[in-house]
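Asker: Let me give you the structure first, and then I'll get to my questions.
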Amino acid sequence: MSEQVDADAASSLARLVRDEGRAVLATLARRLGDLGLAEDAVQEASVQALTTWARDGVPSSPRAWLTAAARNRAIDRIRREAVRSDKESAAVRMLEGEPEPVSPSAVNDDLLRLVFTCCHPSLAADTQVALSLHTLCGLTTPEVARALLVGEGAMAKRLTRARQKIAVAKIPYRVPPDHELPDRLAAVATTVYLVFNEGYAATTGDDHVRRALADEAIRLGRLLLGLLPGEPSLQGLLGLMVLQHARREARVDADGGLVLLVDQDRSKWDRAAVVEGTWLVGEGLRRTPDRPDPYVVQAAIAACHALAPTYADTDWRAIVSWYDVLLTVQDTPIVRLNRAAAVAELDGAASALAIVDDLTGLEHYPLWHGARAELLHRLGRPADSADALRTALCLPVSRPVRRLLERRLDAVDP
Amino acid sequence: MAFVFMVKLAISADATERTTAMPTYAAIIYSKDVDWTQPEHAAEMKEYGEFSATAAAIIRGGAALYPTSTATTVRVEGGKGGDVVTTDGPYAETKDALTGFYLLECDDLDEAVAAAAKLPAAWDGAVEVRPVIPLG
């Protein structure tokens with residue numbers, strides 16, 4: 001029991017250090033004009049905090065403590081390195097001179113700057129994801145490597161290169177001007193959603209570590225919404241993630257196999273998360289009456305599923321309508337494929353198959369073949385259905401999806 | 001050539017105006033591999049000239065290059081001091097060729113990207129923006 005208490009205390013302490021460390025980093029990076037140096041300093045200060053606070057208790061202002069510690073580490077580092085540019089000597093003078101307190105709104109601005117730097121469009125998408133986990137979520141390099149299934153050395157190299165690019169190409173540390181904000185926010189949302197999907201769809205590697213990514217993404221989503229309250233795309237993003245995550249206990253069986261929506265035990269869904277997600281959908285919709293936001297609409301679809309008492313009682317008409325809205329702003333074959341799945345429930349398998357067969361460019365997408373197999377099965381064409389499943393199984397798929405397809409194949413073609 | 005002329009003017013007029021050290025970026029132009037001195041490219045050269053005029057405050061240098069058919073690739077076999085081997089043409093055959101570059105002094109990458117987007121090559125080829133190592 002007391003071991004459990006100790007473990008809980010240690011993890012909440014680690015969480016506190018990570019969250020406060022992020023705010024301290026954001027401000028220090030602005031004052032130093034050097035993200036890499038600021039990260040090193042905050043990292044060292046965090047290690048120091050973990051041991052000191054566990055021994056002596058958490059100080060009354062953890063942020064002030066961490067700020068002072070990180071600042072001293074930064075000054076030490078700059079002094080230690082013999083050759084430093086004038087700019088960094090200036091940074092030392094500034095760090096020594098400027099008084100401590102930073103207003104909450106200034107911290108807010110610094111955090112936003114950090115978000116937009118880590119999700120700058122000049123960085124590759126996978127680099128943005130890695131940087132977000134490292135710099136915004138405070139994961140260590142080995143943790144990021146494990147979570148993204150990349151070797152530790154390769155991940156360290158990727159992060160080092162990203163830091164170098166930010167420094168020498170001078171990726172700006174600022175919140176974009178208003179006219180660029182929608183595009184840049186969309187890029188940030190994409191990155192956060194990629195982090196979420198890495199965790200949500202985690203089917204390989206250390207599942208425990210990877211599923212924690214979904215939690216990290218939701219934390220990032222909350223942070224962003226806290227920084228830009230009332231921003232509908234962020235409400236939609238957070239709503240979507242919260243609603244999908246609400247099903248986490250029901251979508252995997254005891255053996256780690258995928259459980260389809262139709263077979264899920266809905267009593268295992270996280271009701272509090274459904275309530276929160278649905279509220280966010282409502283807020284997002286209220287703020288986007290004339291121009292639908294893709295995240296808000298996807299969240300609305302997730303809410304339709306989350307609110308249905310049973311699969312049979314799902315409001316398929318509403319879901320198909322939401323997909324029609326989504327197509328007006330995001331017309332992709334995948335969206336059309338997902339819409340077809342809802343059409344199958346509303347209008348029957350024949351209508352859905354016509355839509356699915358019309359889609360082009362999905363020949364290498366296993367779930368396109370999977371969807372065809374299901375519809376052909378419903379239409380009483382077991383041989384065609386089995387062929388589609390066999391085609392899907394020839395494509396690269398994760399182990400749980402493979403098991404699911406194999407089970408279907410056994411059922412269709414015993 | 002029009003745009004090189006404009007570049008030189010820009011250097012003499014503006015080199016001393018900005019005093020604080022700002023990063024310099026090479027905007028490396030990849031475009032169709034043509035002879036820009038030929039009259040049929042006059043319209044596009046005029047657009048480069050216009051870029052050079054409007055971006056004069058940030059331009060620190062640059063050059064336009066003759067087509068890759070005029071290039072000679074040099075290698076020294078076996079490293080320093082070895083045999084000099086020359087081949088006709090560029091090192092790598094790609095659809096777009098390196099046909100010129102500008103040196104741009106900007107506040108940050110966003111400003112450099114915004115400037116590069118105004119280069120005609122960015123409209124049908126590509127412009128690679130790379131930070132220049134400050135020497136000396």
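Ordering of the structure tokens sets the chain letters (A, B, ...); residue numbers start at 1 within each chain; ligands are numbered from 1 in the order shown.
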Based on only C-alpha atoms, which of the residues in chain B come within 8 Å of chain A? I want them as a list in words.

Answerer: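 The contacting residues on chain B are Pro23, Tyr25, Asp108, Leu109, Asp110, Arg130 and Pro131 of chain B.
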
Asker: Check the DSSP output for the backbone and give back, as a PyMOL selection string, the residues of chain B in strand (DSSP E).

Answerer: chain B and resi 24-31+59-64+72-77+83-88+97-105+126-131

Asker: Pick out each residue of stretch 218-258 of chain A that DSSP on the backbone tags as helix (DSSP H, G or I); I need them as a PyMOL selection string.

Answerer: chain A and resi 218-227+232-245

Asker: Which residue out of A:Thr332, A:Gln244, A:Thr391, A:Thr51 has the minimum interatomic distance to A:Ala302 when only C-alpha atoms are used?

Answerer: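 For A:Ala302, the nearest of the given residues is A:Gln244.
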
Asker: Can you list, as a short mmCIF file (atom, residue, chain, number, x, y, z; two decimals) with C-alpha atoms, in the first residue's frame, every protein, DNA or RNA residue that comes within 10 Å of A:Leu258 when you count only C-alpha atoms, leaving out same-chain residues fewer than 2 positions away?

Answerer:
```
data_model
loop_
_atom_site.label_atom_id
_atom_site.label_comp_id
_atom_site.auth_asym_id
_atom_site.auth_seq_id
_atom_site.Cartn_x
_atom_site.Cartn_y
_atom_site.Cartn_z
CA THR A 203 -0.60 -1.83 -32.30
CA ALA A 250 -13.74 -1.34 -25.08
CA ARG A 251 -11.85 -1.31 -28.35
CA VAL A 252 -9.22 -3.88 -27.38
CA ASP A 253 -9.98 -7.33 -25.97
CA ALA A 254 -8.05 -9.18 -23.25
CA ASP A 255 -5.67 -10.62 -25.86
CA GLY A 256 -4.92 -7.23 -27.38
CA LEU A 260 -15.03 -3.34 -33.81
CA LEU A 261 -17.53 -0.66 -32.86
CA ASP A 263 -19.06 -5.55 -30.93
CA GLN A 264 -17.89 -3.12 -28.25
CA ARG A 399 -0.75 -7.55 -36.19
CA PRO A 400 -4.19 -6.89 -34.60
CA VAL A 401 -5.64 -5.81 -37.96
CA ARG A 402 -4.15 -8.94 -39.52
CA ARG A 403 -5.79 -11.10 -36.85
CA LEU A 404 -9.09 -9.36 -37.44
#
```

Asker: To one decimal place in Å, what is the distance between atom CA of A:Arg372 and atom CA of A:Leu395?

Answerer: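 These atoms are spaced 14.8 Å apart.
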
Asker: Using only C-alpha atoms, which protein or nucleic acid residues come within 8 Å of A:Gly138? Drop anything in the same chain fewer than 2 positions from it, and give the result as a PyMOL selection string.

Answerer: chain A and resi 18-19+21-22+133-136+140

Asker: Compile the contact shell of A:Pro294 as a ChimeraX atom specification: residues with an atom at most 12 Å away, counting only C-alpha atoms, same-chain residues fewer than 4 positions apart removed.

Answerer: /A:186,189-190,232-237,239-240,281,284-285,288,298-301,322-332,335

Asker: Those residues with N, CA and C atoms, as a PDB file, in the first residue's frame please?

Answerer:
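Contents of selection_0.pdb, freshly written:
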```pdb
ATOM      1  N   ALA A 186      -3.838  25.096 -37.920  1.00  0.00           N
ATOM      2  CA  ALA A 186      -4.209  23.823 -38.529  1.00  0.00           C
ATOM      3  C   ALA A 186      -3.002  22.885 -38.521  1.00  0.00           C
ATOM      4  N   ALA A 189      -2.570  21.598 -35.019  1.00  0.00           N
ATOM      5  CA  ALA A 189      -3.601  20.599 -34.730  1.00  0.00           C
ATOM      6  C   ALA A 189      -3.243  19.266 -35.388  1.00  0.00           C
ATOM      7  N   THR A 190      -2.749  19.330 -36.630  1.00  0.00           N
ATOM      8  CA  THR A 190      -2.358  18.105 -37.331  1.00  0.00           C
ATOM      9  C   THR A 190      -1.284  17.364 -36.548  1.00  0.00           C
ATOM     10  N   PRO A 232     -12.345  27.366 -32.201  1.00  0.00           N
ATOM     11  CA  PRO A 232     -13.171  26.192 -32.520  1.00  0.00           C
ATOM     12  C   PRO A 232     -12.384  24.986 -33.013  1.00  0.00           C
ATOM     13  N   SER A 233     -11.333  25.197 -33.830  1.00  0.00           N
ATOM     14  CA  SER A 233     -10.622  24.024 -34.335  1.00  0.00           C
ATOM     15  C   SER A 233      -9.968  23.263 -33.185  1.00  0.00           C
ATOM     16  N   LEU A 234      -9.558  23.992 -32.146  1.00  0.00           N
ATOM     17  CA  LEU A 234      -8.949  23.327 -30.991  1.00  0.00           C
ATOM     18  C   LEU A 234     -10.008  22.641 -30.140  1.00  0.00           C
ATOM     19  N   GLN A 235     -11.206  23.252 -30.082  1.00  0.00           N
ATOM     20  CA  GLN A 235     -12.307  22.577 -29.383  1.00  0.00           C
ATOM     21  C   GLN A 235     -12.655  21.278 -30.101  1.00  0.00           C
ATOM     22  N   GLY A 236     -12.686  21.356 -31.437  1.00  0.00           N
ATOM     23  CA  GLY A 236     -12.992  20.166 -32.220  1.00  0.00           C
ATOM     24  C   GLY A 236     -11.922  19.101 -32.060  1.00  0.00           C
ATOM     25  N   LEU A 237     -10.663  19.540 -32.116  1.00  0.00           N
ATOM     26  CA  LEU A 237      -9.547  18.598 -31.972  1.00  0.00           C
ATOM     27  C   LEU A 237      -9.610  17.884 -30.625  1.00  0.00           C
ATOM     28  N   GLY A 239     -12.167  17.669 -28.595  1.00  0.00           N
ATOM     29  CA  GLY A 239     -13.398  16.887 -28.527  1.00  0.00           C
ATOM     30  C   GLY A 239     -13.236  15.544 -29.236  1.00  0.00           C
ATOM     31  N   LEU A 240     -12.652  15.590 -30.427  1.00  0.00           N
ATOM     32  CA  LEU A 240     -12.446  14.362 -31.205  1.00  0.00           C
ATOM     33  C   LEU A 240     -11.570  13.374 -30.444  1.00  0.00           C
ATOM     34  N   VAL A 281     -17.953  19.573 -28.732  1.00  0.00           N
ATOM     35  CA  VAL A 281     -18.540  19.576 -30.082  1.00  0.00           C
ATOM     36  C   VAL A 281     -19.565  20.708 -30.189  1.00  0.00           C
ATOM     37  N   GLY A 284     -17.839  24.022 -30.352  1.00  0.00           N
ATOM     38  CA  GLY A 284     -17.178  24.194 -31.644  1.00  0.00           C
ATOM     39  C   GLY A 284     -18.184  24.501 -32.743  1.00  0.00           C
ATOM     40  N   LEU A 285     -19.306  23.816 -32.722  1.00  0.00           N
ATOM     41  CA  LEU A 285     -20.338  24.032 -33.746  1.00  0.00           C
ATOM     42  C   LEU A 285     -20.932  25.431 -33.622  1.00  0.00           C
ATOM     43  N   THR A 288     -18.773  27.899 -35.348  1.00  0.00           N
ATOM     44  CA  THR A 288     -18.495  27.741 -36.784  1.00  0.00           C
ATOM     45  C   THR A 288     -19.796  27.535 -37.548  1.00  0.00           C
ATOM     46  N   GLN A 298     -15.599  16.072 -37.487  1.00  0.00           N
ATOM     47  CA  GLN A 298     -15.206  14.699 -37.129  1.00  0.00           C
ATOM     48  C   GLN A 298     -15.584  14.386 -35.691  1.00  0.00           C
ATOM     49  N   ALA A 299     -15.452  15.392 -34.815  1.00  0.00           N
ATOM     50  CA  ALA A 299     -15.837  15.202 -33.422  1.00  0.00           C
ATOM     51  C   ALA A 299     -17.352  15.000 -33.323  1.00  0.00           C
ATOM     52  N   ALA A 300     -18.106  15.693 -34.177  1.00  0.00           N
ATOM     53  CA  ALA A 300     -19.562  15.534 -34.169  1.00  0.00           C
ATOM     54  C   ALA A 300     -19.929  14.102 -34.560  1.00  0.00           C
ATOM     55  N   ILE A 301     -19.212  13.545 -35.529  1.00  0.00           N
ATOM     56  CA  ILE A 301     -19.463  12.161 -35.926  1.00  0.00           C
ATOM     57  C   ILE A 301     -19.149  11.217 -34.759  1.00  0.00           C
ATOM     58  N   TRP A 322     -23.307  14.366 -41.466  1.00  0.00           N
ATOM     59  CA  TRP A 322     -22.054  14.982 -41.014  1.00  0.00           C
ATOM     60  C   TRP A 322     -20.921  14.681 -41.985  1.00  0.00           C
ATOM     61  N   TYR A 323     -20.911  13.449 -42.527  1.00  0.00           N
ATOM     62  CA  TYR A 323     -19.879  13.131 -43.521  1.00  0.00           C
ATOM     63  C   TYR A 323     -20.048  14.014 -44.760  1.00  0.00           C
ATOM     64  N   ASP A 324     -21.287  14.281 -45.135  1.00  0.00           N
ATOM     65  CA  ASP A 324     -21.498  15.175 -46.289  1.00  0.00           C
ATOM     66  C   ASP A 324     -20.918  16.557 -46.009  1.00  0.00           C
ATOM     67  N   VAL A 325     -21.110  17.029 -44.763  1.00  0.00           N
ATOM     68  CA  VAL A 325     -20.537  18.324 -44.385  1.00  0.00           C
ATOM     69  C   VAL A 325     -19.006  18.243 -44.432  1.00  0.00           C
ATOM     70  N   LEU A 326     -18.469  17.149 -43.899  1.00  0.00           N
ATOM     71  CA  LEU A 326     -17.010  16.990 -43.869  1.00  0.00           C
ATOM     72  C   LEU A 326     -16.431  17.006 -45.287  1.00  0.00           C
ATOM     73  N   LEU A 327     -17.161  16.387 -46.211  1.00  0.00           N
ATOM     74  CA  LEU A 327     -16.673  16.346 -47.594  1.00  0.00           C
ATOM     75  C   LEU A 327     -16.561  17.738 -48.209  1.00  0.00           C
ATOM     76  N   THR A 328     -17.362  18.688 -47.722  1.00  0.00           N
ATOM     77  CA  THR A 328     -17.276  20.041 -48.273  1.00  0.00           C
ATOM     78  C   THR A 328     -15.969  20.725 -47.901  1.00  0.00           C
ATOM     79  N   VAL A 329     -15.348  20.285 -46.797  1.00  0.00           N
ATOM     80  CA  VAL A 329     -14.075  20.904 -46.404  1.00  0.00           C
ATOM     81  C   VAL A 329     -12.898  19.940 -46.474  1.00  0.00           C
ATOM     82  N   GLN A 330     -13.162  18.646 -46.571  1.00  0.00           N
ATOM     83  CA  GLN A 330     -12.075  17.663 -46.574  1.00  0.00           C
ATOM     84  C   GLN A 330     -12.499  16.479 -47.432  1.00  0.00           C
ATOM     85  N   ASP A 331     -12.385  16.663 -48.740  1.00  0.00           N
ATOM     86  CA  ASP A 331     -12.841  15.605 -49.644  1.00  0.00           C
ATOM     87  C   ASP A 331     -11.675  14.674 -49.961  1.00  0.00           C
ATOM     88  N   THR A 332     -11.560  13.601 -49.192  1.00  0.00           N
ATOM     89  CA  THR A 332     -10.488  12.625 -49.431  1.00  0.00           C
ATOM     90  C   THR A 332     -11.131  11.242 -49.591  1.00  0.00           C
ATOM     91  N   VAL A 335     -12.209   9.735 -46.252  1.00  0.00           N
ATOM     92  CA  VAL A 335     -13.470  10.257 -45.714  1.00  0.00           C
ATOM     93  C   VAL A 335     -14.643   9.605 -46.449  1.00  0.00           C
TER      94      VAL A 335
END
```

Asker: From the options A:Trp279, A:Tyr365, A:Tyr311, A:Tyr295, which residue's atoms come nearest to A:Leu393, counting only C-alpha atoms?

Answerer: A:Tyr365

Asker: Could you pull the residues within 6 Å of stretch 85-100 of chain B, counting only C-alpha atoms, minus those fewer than 5 positions along the same chain, as an mmCIF file with N, CA and C atoms, in the first residue's frame?

Answerer:
```
data_model
loop_
_atom_site.group_PDB
_atom_site.id
_atom_site.type_symbol
_atom_site.label_atom_id
_atom_site.label_comp_id
_atom_site.auth_asym_id
_atom_site.auth_seq_id
_atom_site.Cartn_x
_atom_site.Cartn_y
_atom_site.Cartn_z
ATOM 1 N N ILE B 29 18.061 28.556 -56.674
ATOM 2 C CA ILE B 29 16.970 28.459 -57.648
ATOM 3 C C ILE B 29 17.101 27.198 -58.502
ATOM 4 N N TYR B 30 16.064 26.369 -58.457
ATOM 5 C CA TYR B 30 15.978 25.201 -59.332
ATOM 6 C C TYR B 30 14.845 25.461 -60.316
ATOM 7 N N SER B 31 15.184 25.490 -61.597
ATOM 8 C CA SER B 31 14.157 25.816 -62.581
ATOM 9 C C SER B 31 14.449 25.042 -63.855
ATOM 10 N N LYS B 32 13.680 25.319 -64.878
ATOM 11 C CA LYS B 32 13.960 24.670 -66.149
ATOM 12 C C LYS B 32 15.347 25.099 -66.631
ATOM 13 N N ASP B 33 15.996 24.156 -67.299
ATOM 14 C CA ASP B 33 17.405 24.317 -67.643
ATOM 15 C C ASP B 33 17.532 25.019 -68.999
ATOM 16 N N ALA B 63 23.571 35.343 -58.351
ATOM 17 C CA ALA B 63 24.054 35.135 -59.711
ATOM 18 C C ALA B 63 23.031 34.335 -60.488
ATOM 19 N N ALA B 64 23.005 34.559 -61.792
ATOM 20 C CA ALA B 64 22.235 33.689 -62.681
ATOM 21 C C ALA B 64 23.254 32.882 -63.476
ATOM 22 N N LEU B 65 22.911 31.626 -63.757
ATOM 23 C CA LEU B 65 23.880 30.726 -64.378
ATOM 24 C C LEU B 65 23.443 30.341 -65.796
ATOM 25 N N THR B 68 23.010 24.032 -67.880
ATOM 26 C CA THR B 68 23.924 22.960 -67.465
ATOM 27 C C THR B 68 24.711 22.394 -68.648
ATOM 28 N N SER B 69 24.236 22.643 -69.884
ATOM 29 C CA SER B 69 24.992 22.170 -71.048
ATOM 30 C C SER B 69 26.338 22.877 -71.152
ATOM 31 N N ALA B 71 28.128 23.441 -68.439
ATOM 32 C CA ALA B 71 28.845 23.115 -67.200
ATOM 33 C C ALA B 71 29.905 22.051 -67.428
ATOM 34 N N THR B 72 30.913 22.069 -66.603
ATOM 35 C CA THR B 72 31.933 21.028 -66.575
ATOM 36 C C THR B 72 32.057 20.553 -65.138
ATOM 37 N N THR B 73 31.927 19.254 -64.940
ATOM 38 C CA THR B 73 32.055 18.720 -63.593
ATOM 39 C C THR B 73 33.480 18.223 -63.389
ATOM 40 N N VAL B 74 34.051 18.619 -62.280
ATOM 41 C CA VAL B 74 35.458 18.318 -62.003
ATOM 42 C C VAL B 74 35.556 17.366 -60.818
ATOM 43 N N ARG B 75 36.341 16.305 -60.985
ATOM 44 C CA ARG B 75 36.655 15.412 -59.863
ATOM 45 C C ARG B 75 38.153 15.148 -59.891
ATOM 46 N N VAL B 76 38.693 14.997 -58.721
ATOM 47 C CA VAL B 76 40.097 14.589 -58.653
ATOM 48 C C VAL B 76 40.114 13.163 -58.119
#
```

Asker: Considering only C-alpha atoms, can you say which of A:Ala373, A:Ala312, A:Met241, A:Val195 comes closest to A:Glu345?

Answerer: A:Ala312

Asker: Would you pick out the contacts of A:Leu376 at 12 Å or less, using only C-alpha atoms, so that residues sharing its chain but fewer than 5 positions from it are not included, and give the list as a PyMOL selection string?

Answerer: chain A and resi 344+348-354+356-357+369-371+381-389+412

Asker: Nearest residue to A:Leu37 out of A:Arg174, A:Arg71, A:Arg55, A:Arg247, using only C-alpha atoms?

Answerer: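 Nearest to A:Leu37: A:Arg71.
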
Asker: Counting only C-alpha atoms, figure out which residue out of B:Leu104, B:Ala43, B:Val34, B:Ala56 gets nearest to B:Val129.

Answerer: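 When distances to B:Val129 are compared using only C-alpha atoms, the smallest one comes from B:Leu104.
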
Asker: Return the single residue from B:Ala21, B:Met45, B:Ala27, B:Ala114 that is closest to B:Ile59, with distances computed using only C-alpha atoms.

Answerer: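 Of B:Ala21, B:Met45, B:Ala27, B:Ala114, the one nearest B:Ile59, counting only C-alpha atoms, is B:Ala27.
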
Asker: Would you compute the distance between atom CA of A:Gln128 and atom CA of A:Arg161? Give it in Å to one decimal.

Answerer: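 The value is 11.9 Å.
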